[in-house]
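Everything below belongs to my_file-v8.tsv, which stores TSV, C-alpha atoms (C1' of nucleotides).
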chain	number	residue	atom	x	y	z
F	195	MET	CA	-51.63	7.21	-63.91
F	196	ALA	CA	-50.40	8.41	-60.51
F	197	SER	CA	-51.91	6.76	-57.45
F	198	PRO	CA	-53.15	8.94	-54.56
F	199	ALA	CA	-50.06	7.85	-52.59
F	200	ASP	CA	-47.76	9.11	-55.34
F	201	SER	CA	-49.46	12.49	-55.43
F	202	ASP	CA	-49.21	12.72	-51.63
F	203	ASP	CA	-45.50	12.04	-51.87
F	204	LYS	CA	-45.09	14.72	-54.50
F	205	SER	CA	-47.03	17.22	-52.46
F	206	ARG	CA	-44.87	16.49	-49.41
F	207	ASP	CA	-41.73	16.95	-51.51
F	208	LYS	CA	-43.02	20.24	-52.76
F	209	ASP	CA	-43.93	21.48	-49.28
F	210	ARG	CA	-40.50	20.56	-48.03
F	211	ALA	CA	-38.83	22.31	-50.95
F	212	VAL	CA	-40.92	25.45	-50.44
F	213	TRP	CA	-40.17	25.45	-46.74
F	214	ARG	CA	-36.46	25.11	-47.40
F	215	VAL	CA	-36.38	27.94	-49.92
F	216	LEU	CA	-38.23	30.26	-47.53
F	217	SER	CA	-35.72	29.38	-44.82
F	218	ALA	CA	-32.92	30.17	-47.22
F	219	VAL	CA	-34.51	33.53	-47.96
F	220	ARG	CA	-34.65	34.32	-44.25
F	221	ALA	CA	-31.04	33.27	-43.77
F	222	PHE	CA	-29.98	35.35	-46.75
F	223	SER	CA	-31.80	38.38	-45.41
F	224	ASP	CA	-30.07	37.85	-42.08
F	225	ALA	CA	-26.68	37.65	-43.78
F	226	MET	CA	-27.41	40.85	-45.70
F	227	ASP	CA	-28.36	42.55	-42.44
F	228	ARG	CA	-25.02	41.60	-40.94
F	229	MET	CA	-23.13	42.65	-44.04
F	230	TYR	CA	-24.74	46.09	-43.97
F	231	SER	CA	-24.07	46.41	-40.23
F	232	GLY	CA	-20.44	45.63	-41.00
F	233	MET	CA	-20.29	48.29	-43.70
F	234	LYS	CA	-21.85	50.79	-41.32
F	235	GLY	CA	-18.98	50.13	-38.91
F	236	ASP	CA	-16.30	50.16	-41.59
F	237	MET	CA	-17.58	53.28	-43.33
F	238	ASP	CA	-18.18	55.03	-40.02
F	239	MET	CA	-21.78	55.84	-40.87
F	240	ASN	CA	-25.11	55.41	-39.20
F	241	ALA	CA	-27.53	52.76	-40.39
F	242	THR	CA	-30.06	55.15	-41.90
F	243	ASP	CA	-27.56	57.14	-43.94
F	244	LEU	CA	-26.11	53.93	-45.31
F	245	ALA	CA	-29.57	52.66	-46.20
F	246	ALA	CA	-30.20	55.92	-48.06
F	247	LEU	CA	-26.94	55.46	-49.95
F	248	ARG	CA	-27.92	51.93	-50.92
F	249	MET	CA	-31.23	53.20	-52.19
F	250	LEU	CA	-29.55	55.93	-54.22
F	251	ILE	CA	-27.16	53.47	-55.80
F	252	ILE	CA	-29.92	51.09	-56.81
F	253	ARG	CA	-32.07	53.89	-58.20
F	254	GLU	CA	-29.14	55.25	-60.15
F	255	GLN	CA	-28.50	51.86	-61.69
F	256	ARG	CA	-32.11	51.81	-62.77
F	257	GLY	CA	-31.84	55.30	-64.18
F	258	GLN	CA	-34.44	56.64	-61.75
F	259	ASP	CA	-34.23	60.09	-60.20
F	260	VAL	CA	-34.47	60.40	-56.43
F	261	SER	CA	-35.98	63.31	-54.51
F	262	PRO	CA	-35.76	63.93	-50.76
F	263	HIS	CA	-39.37	62.81	-50.61
F	264	ASP	CA	-38.49	59.47	-52.18
F	265	ILE	CA	-35.86	58.93	-49.51
F	266	ALA	CA	-38.37	59.75	-46.78
F	267	ARG	CA	-40.86	57.28	-48.22
F	268	HIS	CA	-38.31	54.53	-48.69
F	269	LEU	CA	-36.94	54.81	-45.15
F	270	ARG	CA	-40.25	55.80	-43.58
F	271	ILE	CA	-38.80	58.78	-41.81
F	272	SER	CA	-40.15	62.33	-41.77
F	273	THR	CA	-39.20	64.85	-44.41
F	274	ALA	CA	-37.58	66.91	-41.66
F	275	SER	CA	-35.29	64.02	-40.76
F	276	THR	CA	-34.62	63.55	-44.43
F	277	THR	CA	-33.45	67.15	-44.80
F	278	LYS	CA	-30.91	66.56	-42.04
F	279	LEU	CA	-29.94	63.20	-43.52
F	280	VAL	CA	-29.23	64.84	-46.88
F	281	ASP	CA	-27.32	67.59	-45.08
F	282	ARG	CA	-25.09	64.95	-43.49
F	283	LEU	CA	-24.52	63.10	-46.75
F	284	ALA	CA	-23.84	66.38	-48.55
F	285	ASP	CA	-21.42	67.55	-45.84
F	286	SER	CA	-19.53	64.26	-46.06
F	287	GLY	CA	-19.34	64.63	-49.83
F	288	HIS	CA	-21.48	61.62	-50.67
F	289	VAL	CA	-24.32	63.41	-52.45
F	290	VAL	CA	-25.19	66.72	-54.05
F	291	ARG	CA	-28.52	68.49	-54.25
F	292	LYS	CA	-29.48	69.46	-57.78
F	293	PRO	CA	-32.43	71.51	-58.94
F	294	HIS	CA	-35.34	69.58	-60.36
F	295	PRO	CA	-35.51	70.25	-64.11
F	296	VAL	CA	-39.22	71.06	-64.05
F	297	ASP	CA	-40.47	71.55	-60.51
F	298	ARG	CA	-38.73	74.52	-58.96
F	299	ARG	CA	-39.68	73.51	-55.42
F	300	ALA	CA	-38.13	70.08	-55.73
F	301	ARG	CA	-34.57	68.75	-55.64
F	302	LEU	CA	-32.82	65.76	-57.10
F	303	ILE	CA	-30.30	64.00	-54.93
F	304	SER	CA	-27.42	62.53	-56.84
F	305	LEU	CA	-24.38	60.53	-55.86
F	306	THR	CA	-20.85	61.81	-56.09
F	307	ASP	CA	-17.94	59.79	-57.42
F	308	LYS	CA	-16.62	59.61	-53.86
F	309	SER	CA	-19.79	57.80	-52.89
F	310	ARG	CA	-19.50	55.26	-55.65
F	311	THR	CA	-15.84	54.69	-54.91
F	312	ASP	CA	-16.40	54.32	-51.16
F	313	PHE	CA	-19.28	51.97	-51.65
F	314	THR	CA	-17.54	49.79	-54.21
F	315	HIS	CA	-14.44	49.68	-52.05
F	316	HIS	CA	-16.31	48.40	-49.00
F	317	PHE	CA	-18.55	46.15	-51.04
F	318	ARG	CA	-15.91	44.61	-53.26
F	319	ASP	CA	-15.26	41.42	-51.29
F	320	SER	CA	-18.93	40.62	-50.93
F	321	ILE	CA	-19.68	41.37	-54.56
F	322	GLY	CA	-16.77	39.17	-55.56
F	323	ALA	CA	-17.99	36.35	-53.36
F	324	MET	CA	-21.49	36.64	-54.80
F	325	ARG	CA	-20.17	36.63	-58.35
F	326	ASP	CA	-18.07	33.55	-57.61
F	327	VAL	CA	-21.10	31.71	-56.31
F	328	ALA	CA	-23.17	32.77	-59.33
F	329	PHE	CA	-20.54	31.49	-61.75
F	330	ASP	CA	-21.04	27.98	-60.42
F	331	TYR	CA	-24.49	27.84	-61.98
F	332	SER	CA	-25.51	27.36	-65.61
F	333	PRO	CA	-27.19	30.19	-67.51
F	334	THR	CA	-30.43	28.20	-67.36
F	335	GLU	CA	-30.24	27.86	-63.60
F	336	LEU	CA	-29.29	31.50	-63.19
F	337	ALA	CA	-32.31	32.52	-65.24
F	338	VAL	CA	-34.59	30.52	-62.93
F	339	ILE	CA	-32.98	32.07	-59.85
F	340	ALA	CA	-33.18	35.62	-61.23
F	341	ASP	CA	-36.79	35.09	-62.21
F	342	PHE	CA	-37.56	33.80	-58.73
F	343	LEU	CA	-35.91	36.77	-57.04
F	344	GLU	CA	-37.60	39.27	-59.32
F	345	ARG	CA	-40.98	37.77	-58.61
F	346	MET	CA	-40.29	37.67	-54.87
F	347	SER	CA	-39.39	41.35	-55.00
F	348	VAL	CA	-42.70	42.18	-56.63
F	349	GLY	CA	-44.54	39.92	-54.18
F	350	ILE	CA	-43.25	41.56	-51.03
F	351	ASP	CA	-43.35	45.08	-52.42
F	352	PRO	CA	-46.11	45.57	-54.97
F	353	ASP	CA	-45.71	49.38	-55.05
F	354	ASP	CA	-42.35	49.09	-56.70
D	1259	MET	CA	-16.02	20.07	-80.99
D	1260	ALA	CA	-16.92	23.66	-80.11
D	1261	SER	CA	-15.32	26.39	-82.15
D	1262	PRO	CA	-13.79	29.42	-80.42
D	1263	ALA	CA	-16.78	31.46	-81.56
D	1264	ASP	CA	-19.17	29.05	-79.82
D	1265	SER	CA	-17.27	29.25	-76.59
D	1266	ASP	CA	-17.26	33.04	-76.82
D	1267	ASP	CA	-21.03	32.97	-77.24
D	1268	LYS	CA	-21.41	30.73	-74.23
D	1269	SER	CA	-19.19	32.92	-72.14
D	1270	ARG	CA	-21.21	35.98	-73.10
D	1271	ASP	CA	-24.44	34.18	-72.18
D	1272	LYS	CA	-22.99	33.26	-68.84
D	1273	ASP	CA	-21.79	36.78	-68.13
D	1274	ARG	CA	-25.19	38.15	-68.96
D	1275	ALA	CA	-26.92	35.58	-66.77
D	1276	VAL	CA	-24.60	36.32	-63.86
D	1277	TRP	CA	-25.14	40.03	-64.28
D	1278	ARG	CA	-28.89	39.57	-64.30
D	1279	VAL	CA	-28.90	37.43	-61.17
D	1280	LEU	CA	-26.76	39.95	-59.30
D	1281	SER	CA	-29.16	42.70	-60.35
D	1282	ALA	CA	-32.04	40.59	-59.11
D	1283	VAL	CA	-30.26	40.14	-55.78
D	1284	ARG	CA	-29.84	43.90	-55.46
D	1285	ALA	CA	-33.49	44.51	-56.33
D	1286	PHE	CA	-34.56	41.87	-53.85
D	1287	SER	CA	-32.46	43.42	-51.13
D	1288	ASP	CA	-34.02	46.78	-51.95
D	1289	ALA	CA	-37.52	45.30	-51.74
D	1290	MET	CA	-36.69	43.74	-48.38
D	1291	ASP	CA	-35.43	47.10	-47.14
D	1292	ARG	CA	-38.72	48.70	-48.07
D	1293	MET	CA	-40.71	45.87	-46.54
D	1294	TYR	CA	-38.88	46.26	-43.24
D	1295	SER	CA	-39.32	50.03	-43.34
D	1296	GLY	CA	-43.02	49.43	-43.80
D	1297	MET	CA	-43.15	47.08	-40.82
D	1298	LYS	CA	-41.31	49.64	-38.75
D	1299	GLY	CA	-44.05	52.16	-39.53
D	1300	ASP	CA	-46.88	49.69	-39.00
D	1301	MET	CA	-45.51	48.27	-35.76
D	1302	ASP	CA	-44.59	51.73	-34.51
D	1303	MET	CA	-41.00	50.73	-33.82
D	1304	ASN	CA	-37.61	52.10	-34.68
D	1305	ALA	CA	-35.43	50.41	-37.27
D	1306	THR	CA	-32.85	49.06	-34.84
D	1307	ASP	CA	-35.34	47.49	-32.47
D	1308	LEU	CA	-37.08	45.81	-35.40
D	1309	ALA	CA	-33.76	44.53	-36.72
D	1310	ALA	CA	-33.03	43.06	-33.29
D	1311	LEU	CA	-36.43	41.37	-33.31
D	1312	ARG	CA	-35.73	39.89	-36.74
D	1313	MET	CA	-32.43	38.56	-35.49
D	1314	LEU	CA	-34.05	37.00	-32.42
D	1315	ILE	CA	-36.69	35.31	-34.54
D	1316	ILE	CA	-34.15	33.81	-36.91
D	1317	ARG	CA	-31.92	32.65	-34.08
D	1318	GLU	CA	-34.87	31.08	-32.31
D	1319	GLN	CA	-35.82	29.19	-35.47
D	1320	ARG	CA	-32.27	27.87	-35.56
D	1321	GLY	CA	-32.40	26.92	-31.90
D	1322	GLN	CA	-29.58	29.34	-31.03
D	1323	ASP	CA	-29.49	31.30	-27.79
D	1324	VAL	CA	-28.99	35.08	-27.99
D	1325	SER	CA	-27.18	37.22	-25.42
D	1326	PRO	CA	-27.15	41.03	-25.30
D	1327	HIS	CA	-23.62	40.80	-26.61
D	1328	ASP	CA	-24.79	38.87	-29.67
D	1329	ILE	CA	-27.27	41.63	-30.42
D	1330	ALA	CA	-24.57	44.27	-30.10
D	1331	ARG	CA	-22.32	42.35	-32.49
D	1332	HIS	CA	-25.07	41.72	-35.02
D	1333	LEU	CA	-26.20	45.35	-35.13
D	1334	ARG	CA	-22.74	46.81	-34.54
D	1335	ILE	CA	-23.89	49.03	-31.72
D	1336	SER	CA	-22.31	49.44	-28.28
D	1337	THR	CA	-23.26	47.21	-25.38
D	1338	ALA	CA	-24.60	50.31	-23.62
D	1339	SER	CA	-27.00	50.99	-26.48
D	1340	THR	CA	-27.91	47.33	-26.42
D	1341	THR	CA	-28.88	47.52	-22.77
D	1342	LYS	CA	-31.27	50.34	-23.61
D	1343	LEU	CA	-32.55	48.51	-26.68
D	1344	VAL	CA	-33.34	45.44	-24.58
D	1345	ASP	CA	-34.97	47.71	-21.97
D	1346	ARG	CA	-37.26	49.08	-24.67
D	1347	LEU	CA	-38.16	45.66	-26.04
D	1348	ALA	CA	-38.73	44.35	-22.52
D	1349	ASP	CA	-40.90	47.34	-21.58
D	1350	SER	CA	-43.00	46.85	-24.71
D	1351	GLY	CA	-43.41	43.18	-23.84
D	1352	HIS	CA	-41.50	41.81	-26.82
D	1353	VAL	CA	-38.66	40.07	-24.99
D	1354	VAL	CA	-37.70	38.86	-21.54
D	1355	ARG	CA	-34.26	38.65	-19.94
D	1356	LYS	CA	-33.49	35.21	-18.56
D	1357	PRO	CA	-30.48	34.13	-16.52
D	1358	HIS	CA	-27.80	32.26	-18.41
D	1359	PRO	CA	-27.85	28.64	-17.27
D	1360	VAL	CA	-24.10	28.51	-16.64
D	1361	ASP	CA	-22.59	32.02	-16.68
D	1362	ARG	CA	-24.08	34.05	-13.86
D	1363	ARG	CA	-22.97	37.38	-15.39
D	1364	ALA	CA	-24.73	36.72	-18.66
D	1365	ARG	CA	-28.33	36.88	-19.81
D	1366	LEU	CA	-30.36	35.19	-22.50
D	1367	ILE	CA	-32.84	37.29	-24.39
D	1368	SER	CA	-35.92	35.42	-25.44
D	1369	LEU	CA	-39.01	36.34	-27.37
D	1370	THR	CA	-42.47	36.51	-25.88
D	1371	ASP	CA	-45.58	35.14	-27.55
D	1372	LYS	CA	-46.69	38.72	-28.12
D	1373	SER	CA	-43.58	39.23	-30.22
D	1374	ARG	CA	-44.19	36.19	-32.34
D	1375	THR	CA	-47.85	37.10	-32.80
D	1376	ASP	CA	-47.09	40.73	-33.69
D	1377	PHE	CA	-44.41	39.76	-36.12
D	1378	THR	CA	-46.43	37.06	-37.84
D	1379	HIS	CA	-49.39	39.41	-38.07
D	1380	HIS	CA	-47.44	42.14	-39.81
D	1381	PHE	CA	-45.50	39.69	-41.92
D	1382	ARG	CA	-48.38	37.52	-43.02
D	1383	ASP	CA	-49.12	39.12	-46.37
D	1384	SER	CA	-45.49	39.14	-47.44
D	1385	ILE	CA	-44.92	35.58	-46.29
D	1386	GLY	CA	-48.00	34.53	-48.18
D	1387	ALA	CA	-46.85	36.28	-51.33
D	1388	MET	CA	-43.44	34.65	-51.08
D	1389	ARG	CA	-44.98	31.24	-50.55
D	1390	ASP	CA	-47.23	31.74	-53.58
D	1391	VAL	CA	-44.25	32.59	-55.74
D	1392	ALA	CA	-42.30	29.60	-54.45
D	1393	PHE	CA	-45.17	27.23	-55.25
D	1394	ASP	CA	-44.82	28.08	-58.93
D	1395	TYR	CA	-41.47	26.29	-59.07
D	1396	SER	CA	-40.72	22.59	-59.14
D	1397	PRO	CA	-38.96	20.91	-56.20
D	1398	THR	CA	-35.86	20.61	-58.37
D	1399	GLU	CA	-35.84	24.31	-59.20
D	1400	LEU	CA	-36.52	25.21	-55.57
D	1401	ALA	CA	-33.57	23.10	-54.50
D	1402	VAL	CA	-31.29	24.99	-56.88
D	1403	ILE	CA	-32.60	28.33	-55.64
D	1404	ALA	CA	-32.26	27.38	-51.96
D	1405	ASP	CA	-28.76	26.11	-52.58
D	1406	PHE	CA	-27.86	29.35	-54.33
D	1407	LEU	CA	-29.20	31.50	-51.52
D	1408	GLU	CA	-27.49	29.42	-48.85
D	1409	ARG	CA	-24.18	29.72	-50.65
D	1410	MET	CA	-24.65	33.46	-51.16
D	1411	SER	CA	-25.30	33.82	-47.43
D	1412	VAL	CA	-22.05	32.08	-46.61
D	1413	GLY	CA	-20.23	34.11	-49.24
D	1414	ILE	CA	-21.21	37.52	-47.93
D	1415	ASP	CA	-20.96	36.58	-44.29
D	1416	PRO	CA	-18.30	33.95	-43.66
D	1417	ASP	CA	-18.47	34.32	-39.84
D	1418	ASP	CA	-21.94	32.89	-39.70
X	710	DT	C1'	-4.81	27.53	-5.16
X	711	DC	C1'	-4.43	32.22	-5.91
X	712	DC	C1'	-4.65	36.41	-8.08
X	713	DA	C1'	-4.25	39.21	-12.28
X	714	DT	C1'	-6.80	39.63	-16.51
X	715	DT	C1'	-10.86	39.39	-19.28
X	716	DT	C1'	-15.75	39.33	-20.06
X	717	DT	C1'	-20.53	40.62	-19.19
X	718	DG	C1'	-24.14	43.80	-18.65
X	719	DC	C1'	-25.17	47.84	-16.49
X	720	DT	C1'	-25.38	53.25	-15.21
X	721	DA	C1'	-24.28	58.13	-16.01
X	722	DG	C1'	-23.67	61.91	-18.84
X	723	DC	C1'	-23.10	63.75	-23.47
X	724	DT	C1'	-23.85	63.74	-28.63
X	725	DT	C1'	-26.39	62.53	-32.59
X	726	DT	C1'	-30.55	61.52	-34.92
X	727	DA	C1'	-35.63	61.54	-35.46
X	728	DC	C1'	-39.95	63.69	-34.48
X	729	DT	C1'	-43.87	67.33	-34.51
X	730	DA	C1'	-45.28	71.80	-35.88
X	731	DG	C1'	-45.31	75.16	-38.96
X	732	DC	C1'	-43.36	78.19	-42.82
X	733	DG	C1'	-42.85	80.21	-47.73
X	734	DA	C1'	-42.55	79.08	-52.40
X	735	DA	C1'	-44.19	76.57	-56.21
X	736	DC	C1'	-47.43	73.52	-58.51
X	737	DT	C1'	-52.35	71.86	-59.68
X	738	DG	C1'	-56.94	71.83	-61.05
X	739	DA	C1'	-61.74	73.34	-60.73
S	924	DT	C1'	-57.90	82.81	-61.07
S	925	DC	C1'	-57.27	81.25	-56.69
S	926	DA	C1'	-58.07	77.59	-53.07
S	927	DG	C1'	-55.89	73.58	-51.94
S	928	DT	C1'	-51.87	70.64	-52.15
S	929	DT	C1'	-47.02	69.50	-52.32
S	930	DC	C1'	-42.15	70.35	-51.61
S	931	DG	C1'	-38.17	71.09	-48.79
S	932	DC	C1'	-36.75	73.58	-45.01
S	933	DT	C1'	-36.19	75.57	-39.87
S	934	DA	C1'	-36.98	75.44	-34.87
S	935	DG	C1'	-37.43	73.14	-30.85
S	936	DT	C1'	-38.27	68.66	-28.37
S	937	DA	C1'	-37.91	63.59	-27.74
S	938	DA	C1'	-35.55	59.44	-28.61
S	939	DA	C1'	-31.54	56.66	-29.41
S	940	DG	C1'	-26.48	55.99	-29.78
S	941	DC	C1'	-21.81	56.78	-27.88
S	942	DT	C1'	-17.75	56.86	-24.41
S	943	DA	C1'	-16.20	56.03	-19.85
S	944	DG	C1'	-16.25	53.46	-16.09
S	945	DC	C1'	-18.15	50.04	-12.57
S	946	DA	C1'	-19.16	45.55	-9.96
S	947	DA	C1'	-19.64	40.80	-10.38
S	948	DA	C1'	-18.36	36.63	-12.41
S	949	DA	C1'	-15.42	33.73	-15.25
S	950	DT	C1'	-10.75	32.38	-16.84
S	951	DG	C1'	-6.05	31.05	-16.96
S	952	DG	C1'	-1.12	30.98	-15.78
S	953	DA	C1'	2.32	30.64	-11.94

Written form, structure tokens:
Amino acid sequence: MASPADSDDKSRDKDRAVWRVLSAVRAFSDAMDRMYSGMKGDMDMNATDLAALRMLIIREQRGQDVSPHDIARHLRISTASTTKLVDRLADSGHVVRKPHPVDRRARLISLTDKSRTDFTHHFRDSIGAMRDVAFDYSPTELAVIADFLERMSVGIDPDD
Amino acid sequence: MASPADSDDKSRDKDRAVWRVLSAVRAFSDAMDRMYSGMKGDMDMNATDLAALRMLIIREQRGQDVSPHDIARHLRISTASTTKLVDRLADSGHVVRKPHPVDRRARLISLTDKSRTDFTHHFRDSIGAMRDVAFDYSPTELAVIADFLERMSVGIDPDD
DNA sequence: TCCATTTTGCTAGCTTTACTAGCGAACTGA
DNA sequence: TCAGTTCGCTAGTAAAGCTAGCAAAATGGA
């Protein structure tokens, strides 16, 4: 049977471990911020347009359609700004507007191959580095990490 | 001794696990994006100013000083834009310019209590949710996760 | 020590991006 | 059916980013 002192020790260990993981999350978020700033510079794009592109890529990988309204909601900008944003991305050849299959008012914004190529090109080193890190962990560990990240995502963004 | 078939199986497991963790990283990054967009709306701030505030908070927690130049580098904006950004944050009472202790040209940007309070206030729910998730893991698991995130941070941003 | 070079943060003036207001067309539901 | 809502867009204004260039301070080689 554990003594009160033992359980105090365990609780302190746990608190320390939780604190460290939350610090690591902050640091990771900071590193992502800097990576995206770097891409913005390299790809000669403004921060918002790049954020929209990221969103489109993730939604595409999930097989979800994206409307101008979705972009506005994700970035928390007005629909008017979104129209101009889509104009810019369309002019630069990164996206195309397609008619919505059912709702004739609405549009679907989809990526062009140019977009995917550009993004992959500028993302390659970071993706490679991340993959290398991941390969140093066992499948069991990776499952724990993925589970953690998935639950964190739900926690900070329940509407997703 | 493992047969070739066994090792193939293991390799497939590993690939799958790596793929899943990289997906989880993407999803997490997407959730963070949306969380920050939400804060931007709630705090009635533009995305860049909020990103600067995030940077200042993280640097402060690390005990690192921040100059206007550091902000410009982090966000990849010009020093001229940074001057205006700091003007805005100073006018809104979020930061103060202090003289650099050694270099009389330079400034140090530091957070005000208002900033910390505002940020904590708007961040509280998310922080709480993240802490709750973290508490479901053992100290050993948390150590693996923290280690992973720290190494990912270095991987995607070697200049840090 | 001196002086040319670099760095730092700032201002001025212009360009780009986001906002509010409001529109027509299309969808929804009582 | 038809009043109310939603969707994406335009027009015009406000905000934020950029380039160019400056003075003051730091730096480093002769």

Determine which residues of chain D sit within 8 Å of chain X, taking into account only C-alpha atoms (C1' of nucleotides), and present them as a PyMOL selection string.
chain D and resi 1326+1337-1338+1341+1363-1364

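If all atoms listed in the file are the atoms counted, then among F:Ser304, F:Ser309, F:Ser217, F:Gln255 the closest residue to Arg1389 in chain D is F:Ser217.
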
Using only C-alpha atoms (C1' of nucleotides), find the residues of chain S whose closest atom to chain F is at most 9 Å away, then write them as a PyMOL selection string.
chain S and resi 929-933

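What chain F places within 6 Å of chain D, counting only C-alpha atoms, is Lys208, Ala211, Val212, Val215, Ala218, Phe222, Ala225, Arg228, Ser231, His268, Leu269, Arg270, Ser320, Ala323, Met324, Ala328, Pro333, Leu336, Ile339, Ala340, Leu343, Glu344, Met346, Ser347, Gly349, Ile350 and Asp351 of chain F.
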
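In this model, the gap between CA of Arg1355 in chain D and CA of Asp1300 in chain D comes to 25.4 Å.
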
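Interatomic distance, CA of Asp1328 in chain D against C1' of DG940 in chain S: 17.2 Å.
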
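Across the model, the gap from CA of His315 in chain F to CA of Lys292 in chain F is 25.5 Å.
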
Report, as lines of an AutoDock Vina configuration file, the centre and edge lengths in Å (one decimal) of the axis-aligned box enclosing every listed atom of range 1277-1284 of chain D, padded by 3 Å on each side.
center_x = -28.6
center_y = 40.7
center_z = -59.9
size_x = 12.9
size_y = 12.5
size_z = 14.8
